[in-house]
>>> print(open('start_15.cif').read())   # mmCIF, C-alpha atoms and all ligand atoms
data_protein
loop_
_atom_site.group_PDB
_atom_site.id
_atom_site.type_symbol
_atom_site.label_atom_id
_atom_site.label_comp_id
_atom_site.auth_asym_id
_atom_site.auth_seq_id
_atom_site.Cartn_x
_atom_site.Cartn_y
_atom_site.Cartn_z
ATOM 1 C CA MET A 1327 44.526 37.590 113.212
ATOM 2 C CA THR A 1328 46.068 35.231 110.744
ATOM 3 C CA THR A 1329 44.561 32.087 109.323
ATOM 4 C CA SER A 1330 46.777 29.021 109.302
ATOM 5 C CA LEU A 1331 48.192 28.039 105.957
ATOM 6 C CA ASP A 1332 48.793 24.580 104.584
ATOM 7 C CA PRO A 1333 52.629 24.497 104.418
ATOM 8 C CA ALA A 1334 52.654 21.850 101.690
ATOM 9 C CA ALA A 1335 50.292 23.920 99.533
ATOM 10 C CA VAL A 1336 52.516 26.985 100.002
ATOM 11 C CA ILE A 1337 55.631 25.103 98.884
ATOM 12 C CA ALA A 1338 53.787 23.554 95.949
ATOM 13 C CA GLU A 1339 52.536 26.992 94.922
ATOM 14 C CA PHE A 1340 56.063 28.440 95.110
ATOM 15 C CA ILE A 1341 57.450 25.633 92.944
ATOM 16 C CA ASP A 1342 54.597 26.051 90.442
ATOM 17 C CA ALA A 1343 55.156 29.813 90.286
ATOM 18 C CA VAL A 1344 58.881 29.667 89.536
ATOM 19 C CA SER A 1345 59.205 26.414 87.548
ATOM 20 C CA PRO A 1346 57.963 27.791 84.211
ATOM 21 C CA TYR A 1347 61.066 30.027 84.154
ATOM 22 C CA ASP A 1348 63.559 27.210 84.795
ATOM 23 C CA PRO A 1349 66.231 27.546 82.067
ATOM 24 C CA GLN A 1350 67.119 23.849 82.493
ATOM 25 C CA PRO A 1351 63.851 22.026 83.203
ATOM 26 C CA GLU A 1352 65.422 18.663 82.260
ATOM 27 C CA ALA A 1353 68.242 18.973 84.840
ATOM 28 C CA SER A 1354 68.228 16.591 87.797
ATOM 29 C CA PRO A 1355 66.729 17.848 91.045
ATOM 30 C CA VAL A 1356 69.287 19.069 93.550
ATOM 31 C CA ALA A 1357 67.234 18.253 96.650
ATOM 32 C CA LEU A 1358 64.386 16.161 97.905
ATOM 33 C CA LEU A 1359 62.345 18.000 100.520
ATOM 34 C CA GLY A 1360 60.290 15.889 102.929
ATOM 35 C CA LEU A 1361 57.549 17.741 104.753
ATOM 36 C CA ARG A 1362 55.495 16.374 107.651
ATOM 37 C CA THR A 1363 52.457 18.379 108.736
ATOM 38 C CA ALA A 1364 49.220 17.689 110.579
ATOM 39 C CA LEU A 1365 47.732 16.982 107.160
ATOM 40 C CA GLY A 1366 50.259 14.258 106.338
ATOM 41 C CA ASP A 1367 53.608 13.742 104.627
ATOM 42 C CA GLU A 1368 54.625 15.258 101.318
ATOM 43 C CA THR A 1369 57.813 15.086 99.285
ATOM 44 C CA PHE A 1370 58.947 17.767 96.866
ATOM 45 C CA THR A 1371 61.753 17.609 94.330
ATOM 46 C CA LEU A 1372 63.604 20.909 94.167
ATOM 47 C CA SER A 1373 65.561 22.051 91.135
ATOM 48 C CA ASP A 1374 68.547 24.370 91.259
ATOM 49 C CA HIS A 1375 66.216 27.001 89.771
ATOM 50 C CA VAL A 1376 63.756 26.676 92.681
ATOM 51 C CA ILE A 1377 66.586 26.982 95.236
ATOM 52 C CA ARG A 1378 67.912 30.087 93.465
ATOM 53 C CA ALA A 1379 64.382 31.552 93.382
ATOM 54 C CA MET A 1380 64.151 30.966 97.162
ATOM 55 C CA CYS A 1381 67.420 32.879 97.586
ATOM 56 C CA ARG A 1382 66.096 35.804 95.534
ATOM 57 C CA ALA A 1383 62.802 35.776 97.447
ATOM 58 C CA LEU A 1384 64.709 35.824 100.749
ATOM 59 C CA ALA A 1385 66.968 38.675 99.579
ATOM 60 C CA SER A 1386 63.948 40.831 98.737
ATOM 61 C CA TYR A 1387 61.938 39.815 101.808
ATOM 62 C CA ARG A 1388 61.211 42.432 104.428
ATOM 63 C CA ASP A 1389 59.169 41.448 107.463
ATOM 64 C CA PRO A 1390 56.269 43.863 108.125
ATOM 65 C CA GLU A 1391 57.319 43.861 111.804
ATOM 66 C CA ASP A 1392 60.909 44.864 110.953
ATOM 67 C CA ARG A 1393 61.425 48.435 112.192
ATOM 68 C CA GLY A 1394 65.151 48.078 112.607
ATOM 69 C CA GLU A 1395 67.394 47.232 115.501
ATOM 70 C CA CYS A 1396 67.387 48.885 118.936
ATOM 71 C CA ILE A 1397 70.547 50.943 119.382
ATOM 72 C CA GLY A 1398 70.294 50.309 123.119
ATOM 73 C CA CYS A 1399 70.043 46.529 123.385
ATOM 74 C CA GLY A 1400 70.263 45.324 119.781
ATOM 75 C CA GLY A 1401 66.748 43.855 119.996
ATOM 76 C CA ARG A 1402 64.491 43.536 116.969
ATOM 77 C CA HIS A 1403 61.200 44.278 118.695
ATOM 78 C CA LEU A 1404 60.449 47.942 118.069
ATOM 79 C CA ASP A 1405 56.736 48.739 118.103
ATOM 80 C CA GLU A 1406 54.982 51.116 115.681
ATOM 81 C CA ASN A 1407 56.131 54.054 117.836
ATOM 82 C CA LEU A 1408 59.771 52.857 117.585
ATOM 83 C CA HIS A 1409 59.654 51.955 121.274
ATOM 84 C CA CYS A 1410 61.839 48.960 122.157
ATOM 85 C CA LYS A 1411 59.721 46.251 123.796
ATOM 86 C CA ASP A 1412 62.886 44.674 125.248
ATOM 87 C CA CYS A 1413 64.644 47.574 127.003
ATOM 88 C CA GLY A 1414 62.139 50.446 126.717
ATOM 89 C CA ARG A 1415 64.342 52.778 124.659
ATOM 90 C CA LEU A 1416 62.555 55.189 122.324
ATOM 91 C CA HIS A 1417 63.962 55.719 118.834
ATOM 92 C CA GLY A 1418 63.313 58.259 116.127
ATOM 93 C CA ILE A 1419 62.979 62.024 116.582
ATOM 94 C CA LEU A 1420 60.661 61.756 119.612
ATOM 95 C CA GLY A 1421 63.034 59.306 121.295
ATOM 96 C CA GLN A 1422 65.947 61.655 120.651
ATOM 97 C CA VAL A 1423 64.036 64.650 122.071
ATOM 98 C CA ILE A 1424 63.126 62.706 125.217
ATOM 99 C CA ALA A 1425 66.676 61.356 125.631
ATOM 100 C CA ASP A 1426 68.100 64.902 125.257
ATOM 101 C CA HIS A 1427 65.598 66.235 127.803
ATOM 102 C CA VAL A 1428 66.511 63.493 130.309
ATOM 103 C CA ARG A 1429 70.227 64.341 129.835
ATOM 104 C CA ARG A 1430 69.569 68.083 130.389
ATOM 105 C CA VAL A 1431 67.514 67.387 133.517
ATOM 106 C CA ALA A 1432 70.182 65.042 134.848
ATOM 107 C CA ALA A 1433 72.959 67.585 134.058
ATOM 108 C CA SER A 1434 71.050 70.392 135.793
ATOM 109 C CA GLY A 1435 70.954 68.318 138.948
ATOM 110 C CA ALA A 1436 67.207 68.748 139.280
ATOM 111 C CA GLY A 1437 66.973 65.043 139.920
ATOM 112 C CA SER A 1438 63.462 64.685 138.538
ATOM 113 C CA ALA A 1439 62.437 62.770 135.475
ATOM 114 C CA PRO A 1440 59.956 64.160 132.924
ATOM 115 C CA GLY A 1441 56.434 64.037 134.310
ATOM 116 C CA GLU A 1442 57.517 64.119 137.949
ATOM 117 C CA PRO A 1443 56.973 67.252 140.050
ATOM 118 C CA ALA A 1444 60.139 69.354 140.211
HETATM 119 ZN ZN ZN A 1501 66.203 47.850 123.284
#
>>> encode(input="start_15.cif", output="structure tokens", more="lines below")
Ligand SMILES: [Zn+2]
Amino acid sequence: MTTSLDPAAVIAEFIDAVSPYDPQPEASPVALLGLRTALGDETFTLSDHVIRAMCRALASYRDPEDRGECIGCGGRHLDENLHCKDCGRLHGILGQVIADHVRRVAASGAGSAPGEPA
């Protein structure tokens, strides 16, 4: 469960965290960011330094839910067992073992899937 954050406070905190390192604090802002939330409207002036810091933060960002891409459907929704929630494909060593077993069963002509009576 996640608590909701105040988006304006998050942006203000980001700007405050990176601004002390701005090599050109007197330079003109490069953007004016207007933000409308349930709490009201806020406007932020963004320096080139803040924009560059956002780029660096994005480059180093990794989503905790990111477990890679499904090689079956290209989806991005693999669960903690590397099971694709979109197409059902299993990844990793277990997925490979199961896929190999299914191929062997199919090649032998047994016609039964794992778990079914032979
Ligand atoms: Zn998939």
>>> closest_residue(input="start_15.cif", among="A:Lys1411, A:Arg1388, A:Arg1382, A:Arg1393", to="ligand ZN 1501 (chain A)", atoms="all atoms listed in the file")
A:Lys1411
>>> residues_near_ligand(input="start_15.cif", ligand="ligand ZN 1501 (chain A)", cutoff="10 Å", atoms="only C-alpha atoms and all ligand atoms", output="PyMOL selection string")
chain A and resi 1395-1404+1408-1417
>>> write_last_selection(input="start_15.cif", atoms="C-alpha atoms", output="mmCIF file, keeping the file's coordinate frame")
data_model
loop_
_atom_site.group_PDB
_atom_site.id
_atom_site.type_symbol
_atom_site.label_atom_id
_atom_site.label_comp_id
_atom_site.auth_asym_id
_atom_site.auth_seq_id
_atom_site.Cartn_x
_atom_site.Cartn_y
_atom_site.Cartn_z
ATOM 1 C CA GLU A 1395 67.394 47.232 115.501
ATOM 2 C CA CYS A 1396 67.387 48.885 118.936
ATOM 3 C CA ILE A 1397 70.547 50.943 119.382
ATOM 4 C CA GLY A 1398 70.294 50.309 123.119
ATOM 5 C CA CYS A 1399 70.043 46.529 123.385
ATOM 6 C CA GLY A 1400 70.263 45.324 119.781
ATOM 7 C CA GLY A 1401 66.748 43.855 119.996
ATOM 8 C CA ARG A 1402 64.491 43.536 116.969
ATOM 9 C CA HIS A 1403 61.200 44.278 118.695
ATOM 10 C CA LEU A 1404 60.449 47.942 118.069
ATOM 11 C CA LEU A 1408 59.771 52.857 117.585
ATOM 12 C CA HIS A 1409 59.654 51.955 121.274
ATOM 13 C CA CYS A 1410 61.839 48.960 122.157
ATOM 14 C CA LYS A 1411 59.721 46.251 123.796
ATOM 15 C CA ASP A 1412 62.886 44.674 125.248
ATOM 16 C CA CYS A 1413 64.644 47.574 127.003
ATOM 17 C CA GLY A 1414 62.139 50.446 126.717
ATOM 18 C CA ARG A 1415 64.342 52.778 124.659
ATOM 19 C CA LEU A 1416 62.555 55.189 122.324
ATOM 20 C CA HIS A 1417 63.962 55.719 118.834
#
>>> closest_residue(input="start_15.cif", among="A:Asp1405, A:Ala1364, A:Pro1390, A:Ser1345", to="Ile1377 in chain A", atoms="all atoms listed in the file")
A:Ser1345
>>> atom_distance(input="start_15.cif", atom1="CA of His1375 in chain A", atom2="CA of Leu1361 in chain A")
19.6 Å
>>> axis_aligned_box(input="start_15.cif", around="range 1348-1362 of chain A", padding_each_side="3 Å", output="AutoDock Vina command-line options")
--center_x 62.4 --center_y 21.7 --center_z 94.9 --size_x 19.8 --size_y 17.7 --size_z 31.6
>>> closest_residue(input="start_15.cif", among="A:Gly1421, A:Pro1349, A:Gly1394, A:Gly1360", to="Arg1378 in chain A", atoms="all atoms listed in the file")
A:Pro1349
>>> residues_around(input="start_15.cif", residues="Glu1368 in chain A", least_positions_apart="5", cutoff="10 Å", atoms="all atoms listed in the file", output="list in words")
Pro1333, Ala1334, Ala1335, Ala1338, Leu1359, Gly1360, Leu1361, Arg1362 and Thr1363 of chain A
>>> atom_distance(input="start_15.cif", atom1="CA of Asp1392 in chain A", atom2="CA of Glu1406 in chain A")
9.8 Å
>>> resolve_selection(input="start_15.cif", expression="the PyMOL selection byres (((chain A and resi 1341) around 10) and not hetatm)", output="PyMOL selection string")
chain A and resi 1335-1340+1342-1346+1370-1373+1375-1377+1379-1380
>>> closest_residue(input="start_15.cif", among="A:Leu1384, A:Asp1374, A:Glu1391, A:Gln1422", to="Gln1350 in chain A", atoms="all atoms listed in the file")
A:Asp1374
>>> closest_residue(input="start_15.cif", among="A:Ala1432, A:Ala1383, A:Leu1331, A:Ile1419", to="Leu1365 in chain A", atoms="only C-alpha atoms")
A:Leu1331
>>> atom_distance(input="start_15.cif", atom1="CA of Tyr1387 in chain A", atom2="CA of Pro1351 in chain A")
25.8 Å
